[in-house]
There are 2 protein chains.
Amino acid sequence: MRRRDLLALVGAMAGSAAMYHAMTSLGLASESTYKGPLRLEGDPNGASVLILGAGLAGMTAALELRKAGYKVRVLEFNSRPGGRNWTLRGGDSFTELGGFKQTCEFERDLYINPGPWRIPYHHRALLDYCRRLGVTLEPFIQLNHNAYLHASSAFGGAPQRIRAIKADFQGQVSELLAKVTQQGQLDEAVSKEDQAILLQALRSWGALDRDYKYNANLFSAEFRGYARDPGGGLDADPLPSAPVALSDILKSRLWRYLQSFARYNFQTTMFQPVGGMDMIGKAFAREVGDLIRYNARVTRIAQSDRGVTVSYVDTADPSDPREAKADWCVCTIPLSILGQIPTDVGSAMQAAIDAVPYAGSVKIGLQFKRRFWEEDEAIYGGITFTDLPIRQIAYPNTGFNRAGRGVLLGAYLFEGANSYEFTAMPPAERIASAVEFGALIHPQYKAEFETGISVAWHRVPFTLGCSGEWTEQARAQHYRNLCQIDGRIVLAGEHASDLPAWQEGAILSALDAIARLHQRVMRT
Amino acid sequence: MRRRDLLALVGAMAGSAAMYHAMTSLGLASESTYKGPLRLEGDPNGASVLILGAGLAGMTAALELRKAGYKVRVLEFNSRPGGRNWTLRGGDSFTELGGFKQTCEFERDLYINPGPWRIPYHHRALLDYCRRLGVTLEPFIQLNHNAYLHASSAFGGAPQRIRAIKADFQGQVSELLAKVTQQGQLDEAVSKEDQAILLQALRSWGALDRDYKYNANLFSAEFRGYARDPGGGLDADPLPSAPVALSDILKSRLWRYLQSFARYNFQTTMFQPVGGMDMIGKAFAREVGDLIRYNARVTRIAQSDRGVTVSYVDTADPSDPREAKADWCVCTIPLSILGQIPTDVGSAMQAAIDAVPYAGSVKIGLQFKRRFWEEDEAIYGGITFTDLPIRQIAYPNTGFNRAGRGVLLGAYLFEGANSYEFTAMPPAERIASAVEFGALIHPQYKAEFETGISVAWHRVPFTLGCSGEWTEQARAQHYRNLCQIDGRIVLAGEHASDLPAWQEGAILSALDAIARLHQRVMRT
């Protein structure tokens, strides 16, 4: 029985308090599995490790293993460190599968992060490396009350401010519950004493008036916003705004987006590195860059009782096969690629490698002549959600309130039909489409758009997808087989974690893998 | 009839949609009263204006009036610009009423903002000046899901994570409403079709399970947090955490704090200037500093048909009375001080000046050897709320994730008995008390505390209070009399706005005052 099941049982049989006590006594009340910098005790006596991939998992392994006394080398397909930890700036170019080459024409200092773009506060390992490696962080805004929720077929297609929908839904839900409370409908579920406090709480939480109604007045305006803000001097008095009816909110389905910001992975305080996400990859590379051989495409991974032999070619000269040998191998190659490389592992691990499809994801960065979302609409950072194929418009979380050009994320599609559609388009068409759809929310697009760049992850040669897309079933069947050391090979990366698509998963998986590898080395 | 009353009437008689249409047709659907940079058309023909006070109101007036062609001078009591726009850094010192002198011993670059400390996205005038004057902004975190809510007499005094109380309250409220919906109790208020969507919405919004219950499971954990987070490698599976019962939340009164972050004034995205709030005052002073005479204490404000004569003394040499003359006067001296200065204004304005008491407020900055709130507790920025006399602990919104010392705001009291108690203490006692109370929430205080500084606004010589504390009644009776031009004198400042204690109020009131003053000058 796993701890998770045990606790669920305690919870079901004895209630939540008992479950909490059980957790505490099982030593589980702490939250992150990261317990501070890794310490690998004991001398590996010159053992060597070959690491495949210089993403965050590979570079974490390289940094820690060298520190522990191993001889370390890293092979990396790209000509840069970081892998999916990647930032596109003016002057950068890349070629996707299918041959389309894009060059980023953004103004200097403007960028998008095509891969990971935000860091939760509870990603303790990643934050610890950022601290140790001197990566400066700034807040990433997930919830912007003044950004929009947009449904094509509701409100005549007009986007609604998040603050208004959020306040109106919460207010009218509170009004309904206050009403049934006053009618005595909660008498069985809630004590009379608690009902009295509940009514107070609903009034506070729902911005209800003295009759427990949610109406257009200056109290609800303090949450949903005003028709006219309070001002200064004569005629400073504010005007309330009119709530959206509950029925309209329900039918619009805009409530689907309301909890996005409250999810553990997206809660305040989130971060991004100042200057682009690849500041993390670059910081790792300052430590371990001397160990990395770039432009190395792995073609075969062989192992015997005595060691590992990896065949590879230089991507500039594929006709010249090369070999690297080591005692052990930490392989962080995405499963989508690894599954295509002949690899000497057992059938259990091979089945696991083959069991995980990779998610499709598309991000499109758009540069505009001015930051009209700030100037015209007072939207600083955060995300607008829409049911249009672009799904999201994310505003930059840096350079706030400045004059001049700006780059926003004009589309962020993750899985689903829209993601495949956009992946199928040539890059120029993706960008044109993002501008077309975005203009339905921000009419300024048409006059202000300058240049764009798009990354469709299924077409990115070094991953062929955005991240490992585990189903519950696949995980139950294959996950442990994927993570177990197979002979002299151990896998790491976000695919070998329960944090898919997150950098923290890559790092935690690497730390776990090399800790177990080190134990094995110490025993042999 | 005022517009506000008209609209309320429309709302009451014809419903919210009609009210919204009325607002729109009255041209009121825009939000801020700030309509971009002030344009004062016409030549003032050498008219002179004496401005009293070099806070944001006074410097806004100075900047705009000089630009419009006026001869401008400014008298300022302090030896620095900004007034309540003020930052205390290592090396700064100040003396409060009663004679206590404090010197700030913070490490270089660490600071507190004793006055205003955050800027809402809808403070359009302030943000526009920040842009025009080159003040760099960074996000101010109001809501941090991982900060605490604390009630001395609940949960054995243990602080609770905001995310947990927020998710648990919302979840259990959703469960209650889902239950009565399923029982048919909402049939009168909500259509059957809407009820079906409401149930879906409550499940999404409340993190309810398939039976519409809020329980310990991995779905609720995605909002309230896990007992053990998802990890990497083997043993990566997460553990759910146990919700706090609704009854316990209700009795704890912690729900009172849940809507703080959702208030219009505190909604994302908020800002602070990089480096301290006084970067704004300093930026204004780069423009108008040459007009300011510092260390000038005004002793008398006289006016005749022909102009204004202000008597003042240099604070270093009070025995040497001086005079400044001008055609007009913009007086931004806080009413708490102005009421004590003989001033030639009519009885209506004088009554208004005397009608507004000033709020008490206390802020205490504490320096610690390390940022333990980040290192140990993963709290980055944001605010912990408590019913202890310190009321709030606010974590710094800059220098995130760095090693070394940190300064947090160890108390922020605004009005109420606690504010008066702390004001009555000598500074050292205030700081000791803040450390004592804070240690009940963060036990690390005791070992890590180094030095502190406190500002009790009722004892600050240049304002004798934090901001004008208008009652509804006082505003109805006196506000317009305060703002009307009296002969050759017009008042400005946050006290002459409907945004008390906010810098935006000071600026908007100044813009309104000088626009009216300019009209008057153009007519005469």
# chains A, B, ... in the order shown; residues from 1 in each chain; ligands from 1
call {"tool": "residues_around", "arguments": {"residues": "segment 400-408 of chain A", "least_positions_apart": "5", "cutoff": "9 Å", "atoms": "only C-alpha atoms", "output": "PyMOL selection string"}}
result
(chain A and resi 106-107+110-112+364-372+374-375+380-381+393-395+452) or (chain B and resi 127-128+130-132+134+136-139)
call {"tool": "residues_around", "arguments": {"residues": "segment 251-262 of chain A", "least_positions_apart": "5", "cutoff": "9 Å", "atoms": "only C-alpha atoms", "output": "number ranges by chain"}}
result
A: 142-143, 149-155, 162, 165-166, 169, 246, 267-268, 385-386; B: 145, 163, 167, 194, 197, 201, 204-206, 222-224
call {"tool": "interface_residues", "arguments": {"of": "chain A", "to": "chain B", "cutoff": "6 Å", "atoms": "only C-alpha atoms", "output": "ChimeraX atom specification"}}
result
/A:4,16,20,29,31-32,144-145,177,205,222-223,227-233,236,239,242,259,263-264,268-269,483,496-498,505,508-509,512
call {"tool": "residues_around", "arguments": {"residues": "Tyr214 of chain A", "least_positions_apart": "6", "cutoff": "7 Å", "atoms": "only C-alpha atoms", "output": "PyMOL selection string"}}
result
chain A and resi 171-172+175+207-208
call {"tool": "residues_around", "arguments": {"residues": "Leu63 of chain A", "least_positions_apart": "2", "cutoff": "8 Å", "atoms": "only C-alpha atoms", "output": "number ranges by chain"}}
result
A: 59-61, 65-67, 284, 287-288
call {"tool": "residues_around", "arguments": {"residues": "Thr309 of chain B", "least_positions_apart": "6", "cutoff": "10 Å", "atoms": "only C-alpha atoms", "output": "PyMOL selection string"}}
result
chain B and resi 50+300-303+323-329+344
call {"tool": "select_by_dssp", "arguments": {"residues": "segment 402-468 of chain A", "states": "strand (DSSP E)", "output": "list of chain:residue names"}}
result
A:Gly406, A:Val407, A:Leu408, A:Leu409, A:Gly410, A:Ala411, A:Tyr412, A:Leu413, A:Phe414, A:Phe449, A:Glu450, A:Thr451, A:Gly452, A:Ile453, A:Ser454, A:Val455, A:Ala456
call {"tool": "select_by_dssp", "arguments": {"residues": "segment 299-391 of chain A", "states": "alpha helix (DSSP H)", "output": "VMD selection string"}}
result
chain A and resid 335 to 338 347 to 354 372 to 375
call {"tool": "residues_around", "arguments": {"residues": "Gly83 of chain A", "least_positions_apart": "3", "cutoff": "7 Å", "atoms": "only C-alpha atoms", "output": "PDB file with N, CA and C atoms, in the first residue's frame"}}
result
ATOM      1  N   ALA A  54      22.321  18.722 -22.487  1.00  0.00           N
ATOM      2  CA  ALA A  54      22.737  19.826 -21.622  1.00  0.00           C
ATOM      3  C   ALA A  54      21.570  20.758 -21.354  1.00  0.00           C
ATOM      4  N   GLY A  55      20.407  20.148 -21.078  1.00  0.00           N
ATOM      5  CA  GLY A  55      19.290  20.910 -20.530  1.00  0.00           C
ATOM      6  C   GLY A  55      19.485  21.039 -19.032  1.00  0.00           C
ATOM      7  N   TRP A  86      15.006  28.235 -22.955  1.00  0.00           N
ATOM      8  CA  TRP A  86      15.347  28.838 -24.237  1.00  0.00           C
ATOM      9  C   TRP A  86      14.670  30.199 -24.336  1.00  0.00           C
TER      10      TRP A  86
END
call {"tool": "atom_distance", "arguments": {"atom1": "atom CA of His518 of chain A", "atom2": "atom CA of Leu40 of chain A"}}
result
7.0 Å
